[in-house]
Each structure stands twice: as structure tokens, then as C-alpha cells.
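Colleague: The following block contains the structure, expressed as C-alpha cells.
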Amino acid sequence: MTRLSKASLNALPENIAAPRDRGAIGTGIVHFGPGAFHRAHQAAYVDRLLDHDPRWGIAAVSLRSAGTVEALAAQDGLYALAVRDADPRIQVISAHTRFLGPGDSAATLAILADPAIALVTMTVTEKGYCLAPDGTLDLGHPDIVHDLAAPADPRSIVGWLVAGLAARRGSGIAPFVPMPCDNLASNGAKLHAALAAFARRRDPALADWIGGEVRGPSTMVDSITPASDAALYADVAAELGVEDRAAVQREAFVQWVIEDIGPIGPDLASVGATVTGDVAGYEKAKLRILNGAHSTLAYAGFLHGHVSVADAMADADLAGFVDMMIREDIMPMLPAVLGLDLDSYRAAVLQRFRNPAIVHRLDQIAQDGSQKLPYRLGDTLIANRRAGRMPAHVVAAFGCWVAFLMHRVRDGTPIIDPASVALVEAANTPDPAMVVDRLLDVGLGLPVEVAGDDALIAALKIAATRAFREELAFVPVN
């Protein structure tokens with residue numbers, strides 16, 4: 001079958017939205033991590049922007065694997081976005097102009113130094129920022145150690161951004177705006193601090209320049225984006241009449257909240273992004289309600305034999321548990337946010353989870369739990385305990401994570417997590433209470449602050465034991 005490309009655009013069915021008449025576009029944005037979420041989310045916003053402002057094409061940079069950028073390059077940057085919802089549709093996205101992989105270090109540095117680049121975005125997951133549990137740069141992280149020793153050949157996103165900023169400072173060029181788009185609380189502030197900390201080890205003057213001249217907005221992004229699979233590729237080929245090996249899918253709901261720091265280059269508000277002074281409010285609601293519920297469904301759903309989010313939500317007991325967790329443990333600890341009704345948001349999130357057109361696998365959501373849970377559930381746990389409350393549903397959710405780890409080790413199934421070695425060591429025992437102690441000792445998953453909270457630790461141990469024994473894992477400890 002013919003591959004999707006600019007040459008095949010005019011042969012696509014007329015009902016498929018595609019940039020058939022778009023002229024040449026420039027490159028004004030660099031994006032690190034052009035995986036499915038970026039292509040379904042940020043690139044879709046930029047694609048709409050290019051219809052009236054062609055300066056903002058995206059240079060896609062993949063630091064770890066060349067597969068995605070090679071697939072995009074083979075298709076002239078074109079790919080299908082399949083929106084899976086009550087009103088399904090497919091459109092062709094054409095937002096990317098350049099494609100750089102692990103072997104393109106010189107070209108990557110050159111484009112970061114290009115004055116035409118105003119914005120550098122990234123979706124590299126929480127672990128990609130090389131942060132310590134307290135949110136500061138982990139100077140002992142192997143990639144950071146490497147990048148400080150070999151700054152001209154970076155491995156980490158922090159190393160790359162500092163290399164690009166150093167090149168611009170050396171040439172007298174204004175800095176680009178670094179804008180993280182990962183689910184990390186206060187992501188802009190944490191990235192900015194990490195850049196300055198890294199630069200200070202290289203050159204104090206560079207660190208001062210970054211501290212004074214570089215602006216980095218925090219963001220919040222949201223859209224459920226299942227991994228691309230053979231079924232998606234087959235559906236897209238049937239609709240388009242051409243093969244597309246870079247197709248992505250997501251739900252209809254999409255949200256991009258950006259901190260208002262003044263102009264950042266592209267006018268993303270003009271294509272639907274929310275620019276606000278209270279990203280933290282949106283961020284907390286999303287991380288704690290949506291992401292916290294997602295992780296809970298992943299671990300509790302796994303223990304009860306479910307495969308996808310929609311499957312887990314069809315389990316009335318589990319769906320009811322998650323709803324009560326949001327109502328009783330999460331929402332009372334959230335601040336009011338201007339323009340956001342939390343109860344309506346809760347209802348919308350649960351309805352999105354029930355969407356049968358989105359097959360979002362629980363094993364995908366369950367990955368990297370040691371990095372995700374401190375933000376998704378840990379902050380809610382701490383907020384409740386500081387208020388003198390025992391968040392029984394959140395405690396049960398952590399118990400399900402412990403049981404998940406133990407089942408993985410017992411069954412010999414790999415734990416996909418940057419701390420997998422330590423997690424396997426911690427979970428390699430039939431005693432859930434011991435696993436909780438070990439996780440606290442190594443500071444993984446469970447917030448460090450709870451280490452001296454005897455009542456909470458006891459509740460966590462009971463919850464983990466119940467979950468491991470499959471005694472209604474989602475029933476909270478009273």
C-alpha cells in the first residue's frame with residue numbers, strides 16, 4: 001500500500017481533513033520527545049496555528065530512539081490523528097518540519113542556537129528531567145554526571161537545554177522559552193531551577209544569565225492518548241487508503257493550560273490553549289483527580305483482572321470506589337480555581353474514563369509508578385494528614401500499588417520503572433508490611449514525609465496486605 005506523504009495528500013478521501021493547500025512553513029519550535037502524546041496534543045494545536053501563522057513548524061527531536069522521527073520523515077511529517085469518541089473522526093496533521101534522532105547531535109545543537117527558534121517544548125515523562133524526590137536536580141543521576149563531564153555531547157533534556165542556551169548566550173542571541181509539557185507539579189519552575197543548577201556546575205556566569213534572562217512557564221496538559229497499535233494502523237489505512245506508520249489516537253477532550261508569562265512566540269491561545277495566572281490550580285485538579293484516579297484504576301484494576309480503563313470502570317464496585325476517593329479524599333484538599341467547577345470536572349473525568357472507544361491499557365498507565373505516585377496520590381495523602389484526616393481511599397490505592405509490585409515479582413514479570421531494580425528488591429518478599437517498610441527506607445513511591453507517621457504506616461500495611469491477598473483490594477481501611 002502507498003505510504004502517506006505530501007504526494008498522496010490530494011488522493012485522500014474528501015471527508016478527511018488535511019492540509020492539502022498549505023504552503024511552505026518555517027520552523028519556530030523545537031520539541032523533545034515526539035511520542036504519541038505530543039503528536040496527538042501539542043502538534044494538533046500547532047497544526048491549527050499554521051493555518052494563519054506559518055512561522056511555527058516543529059522540529060521533532062528524539063534523544064533515545066530514531067523510530068518515530070524516521071517514520072515521520074518517511075511521510076514528509078504527515079500522520080493521522082484519530083479522535084475516538086461518540087463522534088469519531090480522522091484528520092491529517094502536518095506540523096513538523098525537521099526530524100532529528102540520536103545520531104543528529106550537531107544538527108540538534110545548531111537548531112537550538114537558531115534565533116528563529118522561540119519555543120522549546122518537551123514531553124519526556126516525569127523521569128526525563130532527572131530530578132531528585134524533592135524536585136531539585138539530581139546531580140548524581142548518571143545522565144547528569146555524564147553531561148557535566150561532556151557538555152558537548154548531552155544525554156539528558158537538562159543537558160541539551162543548557163547546551164542550547166549556552167550557544168545562544170555565546171552568540172548574543174536571546175534565549176528560547178523552555179516549556180515542559182509533562183505531568184509534573186510546577187514543571188516550569190522545577191525545570192528552570194534544574195537548568196540553573198546544572199549551569200552553575202559548568203559556568204556561574206551562564207547560571208546567572210539563565211536565572212535572569214530565561215523565562216519558563218509551567219503548563220498542564222490533558223488528553224487520554226492510548227498507544228498506537230496494529231488495530232489503529234489498520235483502521236487508519238482503511239479510512240485514508242494509504243499506509244500510515246505514525247498514526248496516533250486520542251479522545252475528543254483536549255486541554256493545554258499555560259502560565260501567563262507574556263509572549264512566548266506562538267500565539268497558542270488563539271487555537272484554544274488556556275493562558276492563565278493560576279496553572280497550579282488546574283494542575284492540582286488534574287494531577288490529583290484525573291491522574292490519581294488513573295493510577296488507582298491501573299493498580300486496583302490489575303489486581304481484579306481488568307485490562308483497560310473502560311473495563312475497570314465497568315466494574316461498579318471499583319468505579320464507585322474511585323468516585324468516592326475523589327469526593328472524600330481529593331476534592332476537599334483542593335483550592336478553589338477561578339473558572340473551574342471541581343464537581344463538574346470530577347463527573348467529566350469519570351465519564352471520559354468510561355469511553356469505550358478509547359482502549360487505554362492499565363499496564364501502560366501502571367508504568368513508572370515510583371515517579372508518578374508522589375504527585376498523583378502522594379500530595380493528596382500529605383495534604384490530608386496535615387489536616388488531621390486519614391484518606392482511607394488513597395491509602396487503599398497505595399496498597400494496591402504495593403500488591404501490584406509483589407505480583408510482578410512473584411510472577412517474574414518485569415516492572416517498567418526507572419527504579420525497577422530497587423523496586424524488585426523491595427517487593428521480593430511475601431510480606432506486604434515488609435515491602436512498605438522497604439519502600440519507605442529507599443524513598444520510592446511513598447512520600448518521605450510519612451516516614452514518621454505511625455498511624456498512616458500501619459494503615460498502609462493493612463491496605464497492602466488486603467490487596468495482595470485479593471481481599472477486595474479497593475475497600476478502604478477504616
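Residues are referred to by chain and number: the chain letter is A, B, ... according to the order shown in the C-alpha cells, the number counts from 1 in that chain, and ligands are numbered separately from 1 in the order shown.
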Produce a table with one row for each residue of range 90-174 of chain A that has an atom at most 12 Å from any atom of range 429-450 of chain A, each row naming the nearest atom pair and its distance in Å at one decimal; use only C-alpha atoms; arrange rows by chain and rising residue number; format as JSON lines.

Modeller:
```
{"residue": "A:Ala132", "atom": "CA", "partner": "A:Gly443", "partner_atom": "CA", "distance": 10.4}
{"residue": "A:Pro133", "atom": "CA", "partner": "A:Gly443", "partner_atom": "CA", "distance": 7.8}
{"residue": "A:Asp134", "atom": "CA", "partner": "A:Val448", "partner_atom": "CA", "distance": 9.1}
```

Colleague: Could you pull the residues within 6 Å of Leu4 in chain A, counting only C-alpha atoms, minus those fewer than 2 positions along the same chain, as number ranges by chain?

Modeller: A: 8, 75, 242-244

Colleague: At what distance in Å, to one decimal, does CA of Asp51 in chain A lie from CA of Arg22 in chain A?

Modeller: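 Distance reported for this atom pair: 7.2 Å.
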
Colleague: Which one of A:Ser65, A:Gly241, A:Ala196, A:Gln249 sits closest to Trp209 in chain A if you count only C-alpha atoms?

Modeller: A:Ala196

Colleague: Quick one: of A:Thr380, A:Pro335, A:Ala426, A:Ser344, who's nearest to Gly281 in chain A, counting only C-alpha atoms?

Modeller: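 Checking each candidate against Gly281 in chain A, we get A:Pro335 as the closest.
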
Colleague: Taking the DSSP secondary structure from the backbone, can you list the residues of range 306-408 of chain A that are strand (DSSP E or B), as a ChimeraX atom specification?

Modeller: /A:308,337,340,361

Colleague: Could the residues in this selection be written to a file with N, CA, C and O atoms, as a compact mmCIF listing (two decimals), in the first residue's frame?

Modeller:
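Generated file (part07.txt):
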```txt
# COMPACT_ATOMS: atom_id res chain seq x y z
N SER A 308 -8.25 -2.65 30.56
CA SER A 308 -8.27 -1.24 30.14
C SER A 308 -9.02 -0.40 31.16
O SER A 308 -9.71 -0.91 32.05
N VAL A 337 -10.52 27.13 42.17
CA VAL A 337 -9.86 27.62 40.96
C VAL A 337 -10.88 28.44 40.17
O VAL A 337 -11.95 27.91 39.83
N LEU A 340 -13.19 26.97 37.24
CA LEU A 340 -13.19 25.51 37.23
C LEU A 340 -14.08 25.00 38.36
O LEU A 340 -13.80 25.20 39.54
N ARG A 361 -4.74 0.94 28.05
CA ARG A 361 -4.34 -0.25 28.80
C ARG A 361 -3.82 0.12 30.19
O ARG A 361 -3.03 1.05 30.36
```

Colleague: Which one is closest to Leu81 in chain A: A:His146, A:Arg245, A:Lys127, A:Arg168? Count only C-alpha atoms.

Modeller: A:Arg245

Colleague: Interatomic distance between CA of Val214 in chain A and CA of Val177 in chain A?

Modeller: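 Separation between CA of Val214 in chain A and CA of Val177 in chain A: 6.7 Å.
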
Colleague: Find the residues around range 36-43 of chain A up to 8 Å (only C-alpha atoms counted), leave out those fewer than 5 positions away in its own chain, and share them as a VMD selection string.

Modeller: chain A and resid 58 81 93 95 to 96 123 223 225 227 to 228 248 to 250 254 256

Colleague: Could you check the closest approach to Val83 in chain A for each of A:Ile365, A:Leu334, A:Cys400, A:Ile358 and tell me which residue wins, using only C-alpha atoms?

Modeller: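 The shortest atom-to-atom distance to Val83 in chain A comes from A:Ile358.
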
Colleague: Distance CA of Pro34 in chain A-CA of Ala60 in chain A, one decimal place?

Modeller: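 Distance reported for this atom pair: 5.9 Å.
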
Colleague: I want to know what sits within 12 Å of Leu318 in chain A, based on only C-alpha atoms, with residues of the same chain fewer than 6 positions away left out; could you give that as a PDB file with N, CA and C atoms, in the first residue's frame?

Modeller:
```pdb
ATOM      1  N   ALA A 293      -6.784   9.164  39.917  1.00  0.00           N
ATOM      2  CA  ALA A 293      -7.775   8.124  39.638  1.00  0.00           C
ATOM      3  C   ALA A 293      -7.258   7.138  38.598  1.00  0.00           C
ATOM      4  N   HIS A 294      -6.546   7.635  37.607  1.00  0.00           N
ATOM      5  CA  HIS A 294      -5.975   6.766  36.574  1.00  0.00           C
ATOM      6  C   HIS A 294      -5.040   5.733  37.194  1.00  0.00           C
ATOM      7  N   THR A 296      -4.901   4.743  40.276  1.00  0.00           N
ATOM      8  CA  THR A 296      -5.668   3.854  41.139  1.00  0.00           C
ATOM      9  C   THR A 296      -6.361   2.765  40.330  1.00  0.00           C
ATOM     10  N   LEU A 297      -6.990   3.167  39.223  1.00  0.00           N
ATOM     11  CA  LEU A 297      -7.630   2.182  38.349  1.00  0.00           C
ATOM     12  C   LEU A 297      -6.616   1.186  37.808  1.00  0.00           C
ATOM     13  N   ALA A 298      -5.412   1.668  37.511  1.00  0.00           N
ATOM     14  CA  ALA A 298      -4.391   0.774  36.943  1.00  0.00           C
ATOM     15  C   ALA A 298      -4.029  -0.336  37.909  1.00  0.00           C
ATOM     16  N   TYR A 299      -3.733   0.024  39.156  1.00  0.00           N
ATOM     17  CA  TYR A 299      -3.259  -0.986  40.108  1.00  0.00           C
ATOM     18  C   TYR A 299      -4.401  -1.828  40.668  1.00  0.00           C
ATOM     19  N   ALA A 300      -5.501  -1.184  41.063  1.00  0.00           N
ATOM     20  CA  ALA A 300      -6.641  -1.957  41.566  1.00  0.00           C
ATOM     21  C   ALA A 300      -7.270  -2.773  40.443  1.00  0.00           C
ATOM     22  N   GLY A 301      -7.348  -2.189  39.253  1.00  0.00           N
ATOM     23  CA  GLY A 301      -7.917  -2.914  38.123  1.00  0.00           C
ATOM     24  C   GLY A 301      -7.092  -4.121  37.746  1.00  0.00           C
ATOM     25  N   PHE A 302      -5.761  -3.971  37.783  1.00  0.00           N
ATOM     26  CA  PHE A 302      -4.874  -5.110  37.508  1.00  0.00           C
ATOM     27  C   PHE A 302      -5.149  -6.255  38.472  1.00  0.00           C
ATOM     28  N   LEU A 303      -5.289  -5.926  39.743  1.00  0.00           N
ATOM     29  CA  LEU A 303      -5.498  -6.959  40.748  1.00  0.00           C
ATOM     30  C   LEU A 303      -6.815  -7.709  40.546  1.00  0.00           C
ATOM     31  N   HIS A 304      -7.739  -7.080  39.837  1.00  0.00           N
ATOM     32  CA  HIS A 304      -9.048  -7.706  39.610  1.00  0.00           C
ATOM     33  C   HIS A 304      -9.235  -8.143  38.167  1.00  0.00           C
ATOM     34  N   GLY A 305      -8.142  -8.268  37.436  1.00  0.00           N
ATOM     35  CA  GLY A 305      -8.185  -8.883  36.124  1.00  0.00           C
ATOM     36  C   GLY A 305      -8.646  -8.011  34.988  1.00  0.00           C
ATOM     37  N   HIS A 306      -8.724  -6.693  35.188  1.00  0.00           N
ATOM     38  CA  HIS A 306      -9.142  -5.797  34.113  1.00  0.00           C
ATOM     39  C   HIS A 306      -7.949  -5.426  33.239  1.00  0.00           C
ATOM     40  N   VAL A 309      -8.906   0.920  31.007  1.00  0.00           N
ATOM     41  CA  VAL A 309      -9.614   1.843  31.890  1.00  0.00           C
ATOM     42  C   VAL A 309     -11.122   1.643  31.777  1.00  0.00           C
ATOM     43  N   ALA A 310     -11.613   1.533  30.530  1.00  0.00           N
ATOM     44  CA  ALA A 310     -13.051   1.341  30.343  1.00  0.00           C
ATOM     45  C   ALA A 310     -13.521   0.037  30.984  1.00  0.00           C
ATOM     46  N   ASP A 311     -12.706  -1.028  30.890  1.00  0.00           N
ATOM     47  CA  ASP A 311     -13.043  -2.291  31.555  1.00  0.00           C
ATOM     48  C   ASP A 311     -13.161  -2.088  33.063  1.00  0.00           C
ATOM     49  N   ALA A 312     -12.174  -1.392  33.633  1.00  0.00           N
ATOM     50  CA  ALA A 312     -12.170  -1.175  35.079  1.00  0.00           C
ATOM     51  C   ALA A 312     -13.377  -0.344  35.512  1.00  0.00           C
ATOM     52  N   MET A 324     -15.675   7.819  45.078  1.00  0.00           N
ATOM     53  CA  MET A 324     -15.638   8.232  46.479  1.00  0.00           C
ATOM     54  C   MET A 324     -14.254   8.738  46.880  1.00  0.00           C
ATOM     55  N   MET A 325     -13.207   8.186  46.321  1.00  0.00           N
ATOM     56  CA  MET A 325     -11.861   8.686  46.591  1.00  0.00           C
ATOM     57  C   MET A 325     -11.752  10.148  46.172  1.00  0.00           C
ATOM     58  N   LEU A 350     -14.710  11.041  35.073  1.00  0.00           N
ATOM     59  CA  LEU A 350     -15.216   9.673  35.154  1.00  0.00           C
ATOM     60  C   LEU A 350     -15.958   9.277  33.889  1.00  0.00           C
ATOM     61  N   HIS A 393      -9.299   5.993  51.150  1.00  0.00           N
ATOM     62  CA  HIS A 393      -9.303   5.509  49.769  1.00  0.00           C
ATOM     63  C   HIS A 393      -7.910   5.624  49.133  1.00  0.00           C
ATOM     64  N   ALA A 396      -5.741   2.917  50.448  1.00  0.00           N
ATOM     65  CA  ALA A 396      -6.032   1.657  49.755  1.00  0.00           C
ATOM     66  C   ALA A 396      -5.392   1.625  48.379  1.00  0.00           C
ATOM     67  N   ALA A 397      -5.376   2.785  47.692  1.00  0.00           N
ATOM     68  CA  ALA A 397      -4.757   2.847  46.361  1.00  0.00           C
ATOM     69  C   ALA A 397      -3.261   2.562  46.441  1.00  0.00           C
ATOM     70  N   LEU A 472     -10.754  -7.831  48.262  1.00  0.00           N
ATOM     71  CA  LEU A 472     -11.382  -6.565  47.844  1.00  0.00           C
ATOM     72  C   LEU A 472     -10.372  -5.430  47.960  1.00  0.00           C
ATOM     73  N   ALA A 473      -9.419  -5.417  47.042  1.00  0.00           N
ATOM     74  CA  ALA A 473      -8.272  -4.506  47.132  1.00  0.00           C
ATOM     75  C   ALA A 473      -8.678  -3.055  47.190  1.00  0.00           C
ATOM     76  N   PHE A 474      -9.870  -2.710  46.681  1.00  0.00           N
ATOM     77  CA  PHE A 474     -10.238  -1.304  46.654  1.00  0.00           C
ATOM     78  C   PHE A 474     -11.129  -0.887  47.831  1.00  0.00           C
ATOM     79  N   VAL A 475     -11.291  -1.788  48.816  1.00  0.00           N
ATOM     80  CA  VAL A 475     -12.049  -1.408  50.008  1.00  0.00           C
ATOM     81  C   VAL A 475     -11.119  -0.644  50.936  1.00  0.00           C
ATOM     82  N   PRO A 476     -11.466   0.599  51.306  1.00  0.00           N
ATOM     83  CA  PRO A 476     -10.550   1.383  52.142  1.00  0.00           C
ATOM     84  C   PRO A 476     -10.441   0.832  53.559  1.00  0.00           C
TER      85      PRO A 476
END
```

Colleague: Could you name the residues that touch range 260-262 of chain A at 6 Å or less, counting only C-alpha atoms, but leaving out those on the same chain fewer than 6 positions away, as a ChimeraX atom specification?

Modeller: /A:275-277

Colleague: Write the residues of the preceding selection, restricted to N, CA, C and O atoms, as a PDB file, in the first residue's frame.

Modeller:
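result.pdb was written with the following content:
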```pdb
ATOM      1  N   VAL A 275      -4.440  30.392  28.706  1.00  0.00           N
ATOM      2  CA  VAL A 275      -3.315  31.122  29.286  1.00  0.00           C
ATOM      3  C   VAL A 275      -3.821  31.790  30.560  1.00  0.00           C
ATOM      4  O   VAL A 275      -4.791  32.564  30.530  1.00  0.00           O
ATOM      5  N   THR A 276      -3.203  31.472  31.686  1.00  0.00           N
ATOM      6  CA  THR A 276      -3.740  31.870  32.982  1.00  0.00           C
ATOM      7  C   THR A 276      -2.629  32.148  33.980  1.00  0.00           C
ATOM      8  O   THR A 276      -1.503  31.663  33.825  1.00  0.00           O
ATOM      9  N   GLY A 277      -2.978  32.863  35.019  1.00  0.00           N
ATOM     10  CA  GLY A 277      -2.048  33.083  36.110  1.00  0.00           C
ATOM     11  C   GLY A 277      -2.143  32.016  37.185  1.00  0.00           C
ATOM     12  O   GLY A 277      -1.410  32.074  38.177  1.00  0.00           O
TER      13      GLY A 277
END
```
